[in-house]
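Source file: my_file_6.txt; contents: compact mmCIF, C-alpha atoms.
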```
# COMPACT_ATOMS: atom_id res chain seq x y z
CA MET A 4 -55.71 -79.24 -58.18
CA SER A 5 -56.64 -79.09 -54.53
CA ALA A 6 -54.46 -76.91 -52.34
CA ARG A 7 -55.49 -78.95 -49.34
CA LYS A 8 -52.73 -80.64 -47.39
CA PRO A 9 -54.11 -81.60 -43.98
CA TYR A 10 -51.43 -82.15 -41.36
CA VAL A 11 -51.84 -85.35 -39.36
CA ARG A 12 -50.36 -85.46 -35.85
CA LYS A 13 -49.47 -88.95 -34.69
CA MET A 14 -50.06 -90.07 -31.13
CA SER A 15 -47.32 -92.05 -29.40
CA LYS A 16 -48.58 -95.55 -28.60
CA THR A 17 -46.16 -95.92 -25.71
CA SER A 18 -45.98 -92.53 -24.02
CA TRP A 19 -49.35 -90.88 -24.70
CA PHE A 20 -50.41 -91.17 -21.05
CA LEU A 21 -47.49 -89.00 -19.96
CA THR A 22 -48.97 -86.00 -21.79
CA HIS A 23 -51.66 -85.18 -19.19
CA ALA A 24 -52.08 -85.64 -15.43
CA ARG A 25 -55.56 -87.04 -16.12
CA PHE A 26 -54.10 -89.85 -18.21
CA LYS A 27 -51.48 -90.65 -15.57
CA SER A 28 -54.21 -91.04 -12.98
CA TYR A 29 -56.14 -93.28 -15.39
CA MET A 30 -53.07 -95.47 -15.93
CA LEU A 31 -52.53 -95.70 -12.17
CA HIS A 32 -56.06 -97.06 -11.88
CA GLU A 33 -55.43 -99.56 -14.67
CA VAL A 34 -52.09 -100.68 -13.18
CA SER A 35 -53.74 -101.11 -9.77
CA SER A 36 -55.85 -103.93 -11.25
CA VAL A 37 -52.65 -105.97 -11.73
CA PHE A 38 -52.09 -105.88 -7.96
CA VAL A 39 -55.73 -106.81 -7.37
CA ALA A 40 -55.31 -109.80 -9.71
CA LEU A 41 -52.03 -110.88 -8.07
CA TYR A 42 -53.53 -110.77 -4.59
CA MET A 43 -56.58 -112.70 -5.77
CA TRP A 44 -54.19 -115.31 -7.13
CA LEU A 45 -52.50 -115.51 -3.70
CA LEU A 46 -55.89 -115.99 -1.97
CA ILE A 47 -57.05 -118.64 -4.43
CA ASP A 48 -53.73 -120.40 -3.94
CA GLY A 49 -54.52 -120.37 -0.19
CA LEU A 50 -57.84 -122.09 -0.88
CA PHE A 51 -56.10 -124.87 -2.81
CA ARG A 52 -53.56 -125.29 0.02
CA LEU A 53 -56.44 -125.53 2.51
CA ALA A 54 -58.00 -128.27 0.42
CA LYS A 55 -54.69 -130.13 0.32
CA GLY A 56 -54.48 -130.55 4.08
CA PRO A 57 -53.25 -129.03 7.35
CA GLU A 58 -49.54 -129.05 6.49
CA ALA A 59 -49.99 -127.28 3.16
CA TRP A 60 -52.29 -124.78 4.87
CA GLU A 61 -49.79 -124.07 7.67
CA ALA A 62 -47.04 -123.62 5.08
CA TRP A 63 -49.20 -121.10 3.21
CA LEU A 64 -49.98 -119.27 6.49
CA SER A 65 -46.32 -118.95 7.35
CA PHE A 66 -45.58 -117.87 3.77
CA ILE A 67 -48.03 -114.93 3.94
CA LYS A 68 -46.61 -113.94 7.34
CA HIS A 69 -43.11 -113.63 5.90
CA PRO A 70 -41.98 -109.98 6.25
CA LEU A 71 -41.36 -109.64 2.51
CA VAL A 72 -44.87 -110.94 1.71
CA VAL A 73 -46.33 -108.61 4.38
CA ILE A 74 -44.59 -105.63 2.75
CA LEU A 75 -45.82 -106.70 -0.71
CA SER A 76 -49.32 -107.14 0.75
CA LEU A 77 -49.23 -103.60 2.14
CA ILE A 78 -48.19 -102.27 -1.28
CA ALA A 79 -51.02 -104.28 -2.83
CA PHE A 80 -53.39 -102.84 -0.22
CA ALA A 81 -52.41 -99.29 -1.23
CA PHE A 82 -53.22 -100.13 -4.86
CA PHE A 83 -56.49 -101.74 -3.68
CA ILE A 84 -57.47 -98.42 -2.15
CA ILE A 85 -56.67 -96.59 -5.42
CA HIS A 86 -58.65 -99.19 -7.38
CA THR A 87 -61.66 -99.15 -5.07
CA THR A 88 -61.96 -95.39 -4.66
CA SER A 89 -61.57 -94.71 -8.39
CA TRP A 90 -64.19 -97.35 -9.24
CA PHE A 91 -66.66 -96.17 -6.63
CA LYS A 92 -66.22 -92.60 -7.86
CA ALA A 93 -67.20 -93.72 -11.39
CA VAL A 94 -70.26 -95.75 -10.38
CA PRO A 95 -72.89 -92.94 -10.56
CA GLN A 96 -71.95 -92.35 -14.20
CA ALA A 97 -72.55 -95.97 -15.15
CA MET A 98 -75.50 -96.55 -12.83
CA ARG A 99 -78.16 -93.89 -12.89
CA ILE A 100 -81.22 -94.52 -10.76
CA GLN A 101 -84.24 -92.54 -11.88
CA THR A 102 -87.26 -91.97 -9.66
CA GLY A 103 -89.93 -90.05 -11.53
CA GLU A 104 -88.40 -86.87 -12.91
CA HIS A 105 -85.30 -87.04 -10.75
CA PHE A 106 -82.13 -89.07 -10.46
CA VAL A 107 -80.85 -90.39 -7.15
CA ASP A 108 -77.91 -88.21 -6.02
CA GLY A 109 -74.60 -89.74 -7.09
CA LYS A 110 -73.15 -89.14 -3.61
CA LEU A 111 -75.82 -91.46 -2.16
CA ILE A 112 -74.90 -94.19 -4.64
CA VAL A 113 -71.18 -93.85 -3.88
CA GLY A 114 -71.93 -93.67 -0.13
CA GLY A 115 -74.00 -96.85 -0.41
CA HIS A 116 -71.01 -98.63 -1.92
CA TYR A 117 -68.75 -97.56 0.95
CA VAL A 118 -71.36 -98.68 3.50
CA ALA A 119 -71.61 -102.07 1.73
CA LEU A 120 -67.80 -102.31 1.69
CA GLY A 121 -67.73 -101.54 5.43
CA ILE A 122 -70.35 -104.18 6.23
CA PHE A 123 -68.61 -106.85 4.15
CA SER A 124 -65.20 -105.99 5.64
CA LEU A 125 -66.62 -106.17 9.17
CA PHE A 126 -68.25 -109.52 8.35
CA VAL A 127 -64.94 -110.91 7.07
CA LEU A 128 -63.04 -109.57 10.10
CA ILE A 129 -65.59 -111.19 12.46
CA LEU A 130 -65.28 -114.47 10.54
CA ALA A 131 -61.50 -114.22 10.85
CA GLY A 132 -61.86 -113.62 14.57
CA VAL A 133 -60.11 -110.23 14.38
CA ALA A 134 -63.09 -108.03 15.25
CA MET B 14 -61.95 -50.83 -17.96
CA SER B 15 -58.55 -52.28 -17.27
CA LYS B 16 -56.47 -53.74 -20.05
CA ARG B 17 -53.58 -56.13 -19.89
CA ASN B 18 -51.26 -57.45 -22.53
CA ILE B 19 -51.45 -61.16 -23.16
CA GLN B 20 -48.95 -63.21 -25.10
CA LEU B 21 -51.14 -65.39 -27.30
CA GLU B 22 -49.15 -68.34 -28.65
CA VAL B 23 -51.09 -69.75 -31.57
CA LEU B 24 -50.18 -72.90 -33.46
CA ARG B 25 -50.11 -71.94 -37.13
CA TYR B 26 -50.20 -74.23 -40.11
CA ARG B 27 -50.37 -72.76 -43.58
CA PRO B 28 -50.32 -75.73 -45.95
CA GLU B 29 -48.96 -73.64 -48.83
CA GLN B 30 -45.84 -72.63 -46.91
CA ASP B 31 -45.44 -74.71 -43.70
CA ARG B 32 -44.11 -78.26 -43.69
CA GLU B 33 -45.31 -78.63 -40.12
CA PRO B 34 -47.19 -76.48 -37.60
CA VAL B 35 -45.25 -73.69 -35.86
CA PHE B 36 -46.14 -71.41 -32.98
CA GLN B 37 -46.60 -67.72 -33.58
CA THR B 38 -46.88 -65.29 -30.68
CA TYR B 39 -49.13 -62.24 -30.74
CA THR B 40 -49.21 -59.52 -28.09
CA VAL B 41 -52.87 -58.74 -27.53
CA PRO B 42 -54.17 -55.84 -25.41
CA CYS B 43 -57.11 -57.54 -23.70
CA GLU B 44 -60.06 -56.40 -21.64
CA GLU B 45 -60.40 -58.29 -18.37
CA GLU B 46 -63.82 -59.71 -19.26
CA TRP B 47 -62.68 -61.10 -22.61
CA VAL B 48 -62.60 -64.74 -23.54
CA VAL B 49 -59.89 -66.42 -25.64
CA LEU B 50 -62.10 -66.10 -28.72
CA ASP B 51 -62.14 -62.29 -28.24
CA ALA B 52 -58.35 -62.31 -28.21
CA LEU B 53 -58.28 -64.36 -31.43
CA ASN B 54 -60.79 -61.97 -33.00
CA TYR B 55 -58.53 -59.05 -32.02
CA VAL B 56 -55.61 -60.74 -33.75
CA LYS B 57 -57.72 -61.36 -36.85
CA ASP B 58 -59.10 -57.80 -36.97
CA GLU B 59 -56.06 -55.79 -35.91
CA ILE B 60 -52.83 -57.77 -36.24
CA ASP B 61 -52.89 -60.67 -38.68
CA ARG B 62 -55.81 -61.29 -40.98
CA THR B 63 -54.29 -64.53 -42.29
CA LEU B 64 -55.09 -66.37 -39.03
CA SER B 65 -57.79 -69.02 -39.56
CA TYR B 66 -60.15 -70.45 -36.96
CA ARG B 67 -63.81 -71.37 -36.68
CA TRP B 68 -66.36 -69.51 -34.62
CA SER B 69 -69.94 -68.36 -34.82
CA CYS B 70 -72.21 -67.69 -31.84
CA HIS B 71 -69.78 -66.53 -29.11
CA MET B 72 -72.08 -67.99 -26.41
CA PHE B 73 -71.32 -71.75 -26.27
CA VAL B 74 -74.29 -72.80 -28.33
CA CYS B 75 -72.86 -73.44 -31.80
CA GLY B 76 -69.87 -75.57 -30.80
CA SER B 77 -67.57 -74.12 -33.49
CA CYS B 78 -64.73 -72.60 -31.48
CA GLY B 79 -63.21 -75.66 -29.85
CA PHE B 80 -59.45 -75.29 -29.32
CA LYS B 81 -56.82 -76.76 -27.07
CA ILE B 82 -56.12 -73.94 -24.64
CA ASN B 83 -53.09 -74.41 -22.39
CA GLY B 84 -53.26 -78.14 -23.08
CA GLU B 85 -56.97 -78.55 -22.31
CA PRO B 86 -59.79 -78.85 -24.87
CA LYS B 87 -62.03 -75.80 -24.35
CA LEU B 88 -64.50 -73.63 -26.19
CA GLY B 89 -62.77 -70.35 -27.03
CA CYS B 90 -65.94 -68.48 -26.05
CA LYS B 91 -66.08 -70.12 -22.63
CA ALA B 92 -62.40 -69.73 -21.70
CA PHE B 93 -62.24 -66.47 -19.73
CA LEU B 94 -58.90 -64.66 -19.80
CA ARG B 95 -59.22 -63.86 -16.09
CA ASP B 96 -58.70 -67.60 -15.43
CA TYR B 97 -55.36 -67.57 -17.25
CA GLY B 98 -51.97 -65.96 -16.81
CA ASP B 99 -50.34 -63.54 -19.22
CA LYS B 100 -49.29 -66.28 -21.61
CA ILE B 101 -51.94 -68.43 -23.27
CA ARG B 102 -51.25 -71.20 -25.75
CA VAL B 103 -53.95 -71.97 -28.31
CA GLU B 104 -53.72 -75.09 -30.49
CA PRO B 105 -56.13 -76.92 -32.77
CA LEU B 106 -58.07 -79.80 -31.22
CA ASP B 107 -56.06 -83.00 -30.83
CA ASN B 108 -56.84 -86.21 -32.74
CA PHE B 109 -57.99 -84.45 -35.92
CA PRO B 110 -55.89 -83.51 -38.97
CA ILE B 111 -55.14 -79.80 -39.16
CA GLU B 112 -56.66 -78.15 -42.22
CA ARG B 113 -55.19 -74.71 -41.54
CA ASP B 114 -54.07 -72.98 -38.34
CA LEU B 115 -56.76 -73.75 -35.73
CA VAL B 116 -59.18 -75.33 -38.21
CA VAL B 117 -59.34 -79.13 -38.06
CA VAL B 118 -60.82 -81.65 -40.50
CA ILE B 119 -63.99 -83.05 -38.92
CA ASP B 120 -65.32 -85.14 -41.82
CA ASP B 121 -64.65 -88.34 -39.89
CA PHE B 122 -66.89 -87.23 -37.04
CA VAL B 123 -69.71 -86.21 -39.40
CA ASP B 124 -69.62 -89.69 -40.97
CA LYS B 125 -69.68 -91.33 -37.55
CA LEU B 126 -72.54 -89.15 -36.40
CA GLN B 127 -74.60 -90.22 -39.41
CA SER B 128 -73.72 -93.87 -38.85
CA VAL B 129 -75.52 -93.97 -35.47
CA LYS B 130 -78.80 -92.70 -36.98
CA PRO B 131 -79.18 -89.74 -34.60
CA TYR B 132 -82.89 -89.25 -35.10
CA ILE B 133 -86.09 -90.80 -33.80
CA ILE B 134 -87.02 -94.05 -35.51
CA PRO B 135 -90.68 -94.42 -34.51
CA LYS B 136 -92.63 -97.64 -34.41
CA GLU B 137 -95.10 -96.16 -36.87
CA GLU B 138 -94.60 -93.02 -38.91
CA LYS B 139 -97.34 -90.52 -38.16
CA SER B 140 -98.51 -87.78 -40.43
CA VAL B 141 -98.10 -84.21 -39.20
CA ALA B 142 -101.89 -83.98 -38.97
CA ALA B 143 -101.93 -86.97 -36.59
CA GLY B 144 -100.07 -84.89 -34.00
CA GLU B 145 -96.95 -85.24 -31.85
CA TYR B 146 -95.30 -88.31 -30.43
CA ILE B 147 -96.34 -87.92 -26.80
CA GLN B 148 -93.87 -88.27 -23.95
CA THR B 149 -94.05 -87.68 -20.19
CA PRO B 150 -91.60 -85.35 -18.38
CA ALA B 151 -90.06 -88.39 -16.67
CA GLN B 152 -89.47 -90.08 -20.04
CA LEU B 153 -87.87 -86.87 -21.30
CA LYS B 154 -85.65 -86.67 -18.24
CA THR B 155 -84.21 -90.13 -18.97
CA PHE B 156 -82.25 -88.91 -21.99
CA LYS B 157 -82.40 -85.10 -21.88
CA GLN B 158 -78.85 -84.70 -20.60
CA TYR B 159 -77.48 -86.59 -23.61
CA SER B 160 -79.43 -84.41 -26.02
CA MET B 161 -77.54 -81.26 -24.96
CA CYS B 162 -74.52 -82.11 -27.18
CA ILE B 163 -73.46 -79.28 -29.50
CA ASN B 164 -70.97 -81.38 -31.51
CA CYS B 165 -68.05 -79.20 -30.46
CA LEU B 166 -65.69 -82.22 -30.49
CA LEU B 167 -63.88 -81.33 -27.29
CA CYS B 168 -64.62 -84.91 -26.17
CA TYR B 169 -62.94 -86.37 -29.25
CA SER B 170 -59.93 -84.18 -28.64
CA ALA B 171 -59.74 -85.37 -25.01
CA CYS B 172 -60.28 -89.05 -25.82
CA PRO B 173 -57.03 -91.04 -26.07
CA GLN B 174 -58.87 -94.05 -27.53
CA TYR B 175 -59.97 -91.99 -30.55
CA GLY B 176 -56.35 -90.95 -31.16
CA LEU B 177 -54.81 -94.35 -30.43
CA THR B 178 -57.17 -96.16 -32.79
CA ASN B 179 -56.45 -93.64 -35.58
CA GLN B 180 -60.09 -92.50 -35.54
CA GLU B 181 -61.46 -96.07 -35.71
CA PHE B 182 -63.36 -95.60 -32.43
CA ILE B 183 -66.87 -94.22 -32.99
CA GLY B 184 -66.15 -91.85 -30.12
CA PRO B 185 -67.91 -90.12 -27.23
CA ALA B 186 -70.37 -87.66 -28.82
CA ALA B 187 -71.72 -90.01 -31.50
CA LEU B 188 -72.11 -92.88 -29.01
CA ALA B 189 -73.79 -90.61 -26.44
CA LEU B 190 -76.23 -89.46 -29.11
CA ALA B 191 -76.93 -93.06 -30.14
CA HIS B 192 -77.63 -93.82 -26.49
CA ARG B 193 -79.83 -90.72 -26.25
CA TYR B 194 -82.10 -92.01 -29.04
CA ASN B 195 -82.04 -95.56 -27.67
CA MET B 196 -83.29 -94.22 -24.33
CA ASP B 197 -86.07 -92.19 -25.96
CA SER B 198 -89.51 -93.70 -25.31
CA ARG B 199 -90.63 -92.62 -28.81
CA ASP B 200 -87.84 -94.54 -30.51
CA VAL B 201 -87.59 -98.20 -31.54
CA GLY B 202 -84.28 -97.99 -33.44
CA ARG B 203 -81.98 -99.76 -31.00
CA SER B 204 -81.47 -102.80 -33.24
CA ALA B 205 -80.86 -100.48 -36.23
CA ARG B 206 -78.03 -98.78 -34.30
CA GLU B 207 -76.69 -101.97 -32.76
CA HIS B 208 -74.20 -102.86 -35.52
CA VAL B 209 -72.40 -99.58 -34.85
CA LEU B 210 -73.02 -99.08 -31.14
CA ALA B 211 -72.28 -102.63 -29.97
CA SER B 212 -69.40 -103.22 -32.38
CA HIS B 213 -65.76 -103.40 -31.39
CA GLU B 214 -65.31 -99.81 -32.60
CA GLY B 215 -68.43 -98.84 -30.68
CA VAL B 216 -68.94 -98.80 -26.93
CA TRP B 217 -66.53 -101.70 -26.34
CA GLU B 218 -63.56 -99.67 -27.58
CA CYS B 219 -64.12 -97.27 -24.67
CA SER B 220 -61.85 -97.98 -21.70
CA PHE B 221 -63.58 -95.38 -19.51
CA VAL B 222 -60.78 -92.86 -19.21
CA GLY B 223 -63.61 -90.42 -18.59
CA ALA B 224 -61.84 -87.39 -20.10
CA CYS B 225 -64.75 -86.73 -22.48
CA SER B 226 -67.13 -86.02 -19.62
CA ILE B 227 -64.64 -83.80 -17.82
CA VAL B 228 -64.06 -81.51 -20.82
CA CYS B 229 -67.69 -81.43 -22.06
CA PRO B 230 -68.91 -77.80 -21.92
CA LYS B 231 -72.56 -78.88 -21.77
CA ASP B 232 -72.28 -81.54 -19.01
CA VAL B 233 -73.47 -84.25 -21.36
CA ASP B 234 -71.40 -86.99 -19.67
CA PRO B 235 -70.68 -89.13 -22.76
CA ALA B 236 -68.56 -91.52 -20.63
CA GLY B 237 -71.61 -92.30 -18.49
CA ALA B 238 -73.78 -92.80 -21.58
CA ILE B 239 -71.22 -95.23 -23.03
CA GLN B 240 -71.00 -97.30 -19.82
CA GLN B 241 -74.81 -97.53 -19.72
CA ALA B 242 -74.84 -98.49 -23.39
CA LYS B 243 -72.30 -101.25 -22.63
CA PHE B 244 -74.77 -102.68 -20.13
CA THR B 245 -77.64 -102.50 -22.65
CA SER B 246 -75.44 -104.00 -25.35
CA ALA B 247 -74.49 -106.92 -23.08
CA ILE B 248 -78.16 -107.53 -22.19
CA ASP B 249 -79.11 -107.41 -25.89
CA TYR B 250 -76.38 -109.94 -26.65
CA LEU B 251 -77.58 -112.30 -23.92
CA THR B 252 -81.26 -111.97 -24.85
CA SER B 253 -80.46 -112.58 -28.52
CA MET B 254 -78.56 -115.74 -27.51
CA VAL B 255 -81.66 -117.14 -25.80
CA GLY B 256 -83.86 -115.94 -28.63
CA ILE B 257 -85.69 -113.05 -26.98
CA GLY B 258 -85.80 -109.98 -29.23
CA GLY B 259 -84.54 -106.58 -28.03
CA LYS B 260 -85.97 -103.15 -28.72
```
Using structure tokens, write down the structure that the file contains.
Amino acid sequence: MSARKPYVRKMSKTSWFLTHARFKSYMLHEVSSVFVALYMWLLIDGLFRLAKGPEAWEAWLSFIKHPLVVILSLIAFAFFIIHTTSWFKAVPQAMRIQTGEHFVDGKLIVGGHYVALGIFSLFVLILAGVA
Amino acid sequence: MSKRNIQLEVLRYRPEQDREPVFQTYTVPCEEEWVVLDALNYVKDEIDRTLSYRWSCHMFVCGSCGFKINGEPKLGCKAFLRDYGDKIRVEPLDNFPIERDLVVVIDDFVDKLQSVKPYIIPKEEKSVAAGEYIQTPAQLKTFKQYSMCINCLLCYSACPQYGLTNQEFIGPAALALAHRYNMDSRDVGRSAREHVLASHEGVWECSFVGACSIVCPKDVDPAGAIQQAKFTSAIDYLTSMVGIGGK
């Protein structure tokens, strides 16, 4: 008869991410996507209102200027920053660019993403008449 | 040489007497340049010869002495005591059944490793007399990082997906090795590995926590390999849909 009796440790399905700071940071990134999705939904809703006509559009504009919506937007913006920075940080792992016997430095790839983000943001701000 | 006493808390599990693992503390007089493995060896040689753990090379080549040290998967031979306080907790690697004390059951990983065919599948078998399969330094560079894996299983211990899926997930090291052979210019086995690599338990089970790459003692970056393999797998899927064969 075998004397073996391996001991199996079970992982909690609901609280595993509390066991390490690394997992908490991962979950923060995952949760941030909910805010990204919600804000996208708000913007798409704006597009539909625009298509409906001037009154619907004006109503939407005054809705997003409501102090409560502004506060929620600022919270969403904070989560956007978490989401963006954590994604950009991970890009060099997923996207390796090889030239001959070398790989392009990951910092350059991440930097390129921030430059692209800056250019797009500036473009949008100019379109919106802010910058 | 200066010595200091370290309280080594080791998780013990003796299947013949313990119903569940329990911590046992040893006071170990340590040299400053020791690693955790040296402290375990001291316990084994001088204090308690019933303590069980795996080790071999003592120079992070063999990959045998993976433990969870102060909550972090580490190689015992690479964890220098000078980086720790006077109390060090050593546990067996997470996500594997405990066989005895710090020894875990790794059969599941060995099966998974075999399932990804971690060897070159050439287009045409050549005889030894016909010479080597030639490759340029640039072609070698493409996958070399992923070939540095020593199967120490720190990545499996760090990976929550492997634990949450009850070992269903193929896991970081095996997937990184599959990717390593897929990227090899001498290999044509991508379609032979596809049913494992591109399956639900393969790369798509990975949610990119990234812990595997952080704990890897050989800088293999399995998380990166898996994300790249996801891209290849998606391209293969699309090309197969329009009837163009993959590699």
Query raised in the report: Which neighbours of B:Lys81 fall inside 7 Å, counting only C-alpha atoms, when residues of the same chain fewer than 6 positions from it are skipped, and could you give them as a ChimeraX atom specification?
Result: /B:87,103-106
Can you check which parts of chain B lie within 9 Å of chain A? Per residue, the shortest pair of atoms and distance in Å to one decimal, counting all atoms listed in the file, sorted by chain and number, as a tab-separated table.
```
residue	atom	partner	partner_atom	distance
B:Tyr26	CA	A:Tyr10	CA	8.1
B:Pro28	CA	A:Lys8	CA	5.7
B:Glu29	CA	A:Ala6	CA	7.3
B:Arg32	CA	A:Tyr10	CA	8.6
B:Glu33	CA	A:Tyr10	CA	7.2
B:Pro34	CA	A:Tyr10	CA	8.0
B:Gly84	CA	A:His23	CA	8.2
B:Asp107	CA	A:Arg12	CA	8.0
B:Asn108	CA	A:Arg12	CA	7.2
B:Phe109	CA	A:Val11	CA	7.1
B:Pro110	CA	A:Val11	CA	4.5
B:Ile111	CA	A:Tyr10	CA	4.9
B:Glu112	CA	A:Pro9	CA	4.6
B:Arg113	CA	A:Pro9	CA	7.4
B:Val117	CA	A:Pro9	CA	8.3
B:Val118	CA	A:Pro9	CA	7.6
B:Pro150	CA	A:Glu104	CA	6.5
B:Ala151	CA	A:Glu104	CA	4.4
B:Gln152	CA	A:Glu104	CA	7.9
B:Leu153	CA	A:Glu104	CA	8.4
B:Lys154	CA	A:Glu104	CA	6.0
B:Thr155	CA	A:Gln101	CA	7.5
B:Pro173	CA	A:Trp19	CA	7.8
B:Gly176	CA	A:Met14	CA	6.4
B:Leu177	CA	A:Met14	CA	6.4
B:Asn179	CA	A:Lys13	CA	8.5
B:Phe221	CA	A:Tyr29	CA	8.8
B:Val222	CA	A:Tyr29	CA	6.0
B:Gly223	CA	A:Tyr29	CA	8.6
B:Ala224	CA	A:Arg25	CA	7.4
B:Asp234	CA	A:Gln96	CA	7.7
B:Ala236	CA	A:Gln96	CA	7.3
B:Gly237	CA	A:Gln96	CA	4.3
B:Ala238	CA	A:Ala97	CA	7.3
B:Ile239	CA	A:Ala97	CA	8.0
B:Gln240	CA	A:Ala97	CA	5.1
B:Gln241	CA	A:Ala97	CA	5.3
B:Ala242	CA	A:Ala97	CA	8.9
B:Phe244	CA	A:Ala97	CA	8.6
```
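Distances to B:Lys157 were evaluated for B:Val216, B:Ser140, B:Val233, B:Lys125 using only C-alpha atoms, and the minimum falls at B:Val233.
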Query raised in the report: Contacts of B:Leu126 at 9 Å or less, counting only C-alpha atoms, minus same-chain residues fewer than 2 places along, as a list in words?
Result: Asp121, Phe122, Val123, Asp124, Ser128, Val129, Lys130, Pro131, Ile183, Ala186, Ala187, Leu188, Leu190 and Ala191 of chain B
**Report entry** Selected residue of minimal separation from B:Cys229 among B:Tyr146, B:Ile163, B:Tyr55, B:Asp96, counting only C-alpha atoms
**Finding:** B:Ile163
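Proximity to B:Tyr194 at 9 Å, evaluated using only C-alpha atoms and with sequence-adjacent residues fewer than 3 positions away removed, yields Lys130, Pro131, Tyr132, Ile133, Ile134, Phe156, Tyr159, Ser160, Ala189, Leu190, Ala191, Asp197, Ser198, Arg199, Asp200, Val201, Gly202 and Arg203 of chain B.
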Those same residues - C-alpha atoms - I'd like them written as a PDB file, in the frame of the given file.
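Saved the output as selection15.pdb:
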```pdb
ATOM      1  CA  LYS B 130     -78.800 -92.700 -36.980  1.00  0.00           C
ATOM      2  CA  PRO B 131     -79.180 -89.740 -34.600  1.00  0.00           C
ATOM      3  CA  TYR B 132     -82.890 -89.250 -35.100  1.00  0.00           C
ATOM      4  CA  ILE B 133     -86.090 -90.800 -33.800  1.00  0.00           C
ATOM      5  CA  ILE B 134     -87.020 -94.050 -35.510  1.00  0.00           C
ATOM      6  CA  PHE B 156     -82.250 -88.910 -21.990  1.00  0.00           C
ATOM      7  CA  TYR B 159     -77.480 -86.590 -23.610  1.00  0.00           C
ATOM      8  CA  SER B 160     -79.430 -84.410 -26.020  1.00  0.00           C
ATOM      9  CA  ALA B 189     -73.790 -90.610 -26.440  1.00  0.00           C
ATOM     10  CA  LEU B 190     -76.230 -89.460 -29.110  1.00  0.00           C
ATOM     11  CA  ALA B 191     -76.930 -93.060 -30.140  1.00  0.00           C
ATOM     12  CA  ASP B 197     -86.070 -92.190 -25.960  1.00  0.00           C
ATOM     13  CA  SER B 198     -89.510 -93.700 -25.310  1.00  0.00           C
ATOM     14  CA  ARG B 199     -90.630 -92.620 -28.810  1.00  0.00           C
ATOM     15  CA  ASP B 200     -87.840 -94.540 -30.510  1.00  0.00           C
ATOM     16  CA  VAL B 201     -87.590 -98.200 -31.540  1.00  0.00           C
ATOM     17  CA  GLY B 202     -84.280 -97.990 -33.440  1.00  0.00           C
ATOM     18  CA  ARG B 203     -81.980 -99.760 -31.000  1.00  0.00           C
TER      19      ARG B 203
END
```
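Across B:Lys243, B:His192, B:Arg27, B:Lys91, the tightest approach to B:Val48 is made by B:Lys91 when counting only C-alpha atoms.
Rounded to one decimal, atom CA of A:Val113 and atom CA of A:Phe91 lie 5.8 Å from each other.
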Requested in this report: Please indicate the distance in Å from atom CA of B:Leu166 to atom CA of B:Leu210, rounded to one decimal place.
Outcome: 18.4 Å
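Our summary of the geometry notes that atom CA of B:Asp114 is positioned 4.3 Å from atom CA of B:Arg25.
Within 10 Å of A:Leu53, once only C-alpha atoms are used and residues closer than 6 positions along the same chain are dropped, the contacting residues are Ile47, Ala59, Trp60, Glu61, Ala62, Trp63 and Leu64 of chain A.
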With C-alpha atoms retained, write the just-selected residues as a PDB file, in the frame of the given file.
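Saved file selection_26.pdb follows:
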```
ATOM      1  CA  ILE A  47     -57.050-118.640  -4.430  1.00  0.00           C
ATOM      2  CA  ALA A  59     -49.990-127.280   3.160  1.00  0.00           C
ATOM      3  CA  TRP A  60     -52.290-124.780   4.870  1.00  0.00           C
ATOM      4  CA  GLU A  61     -49.790-124.070   7.670  1.00  0.00           C
ATOM      5  CA  ALA A  62     -47.040-123.620   5.080  1.00  0.00           C
ATOM      6  CA  TRP A  63     -49.200-121.100   3.210  1.00  0.00           C
ATOM      7  CA  LEU A  64     -49.980-119.270   6.490  1.00  0.00           C
TER       8      LEU A  64
END
```
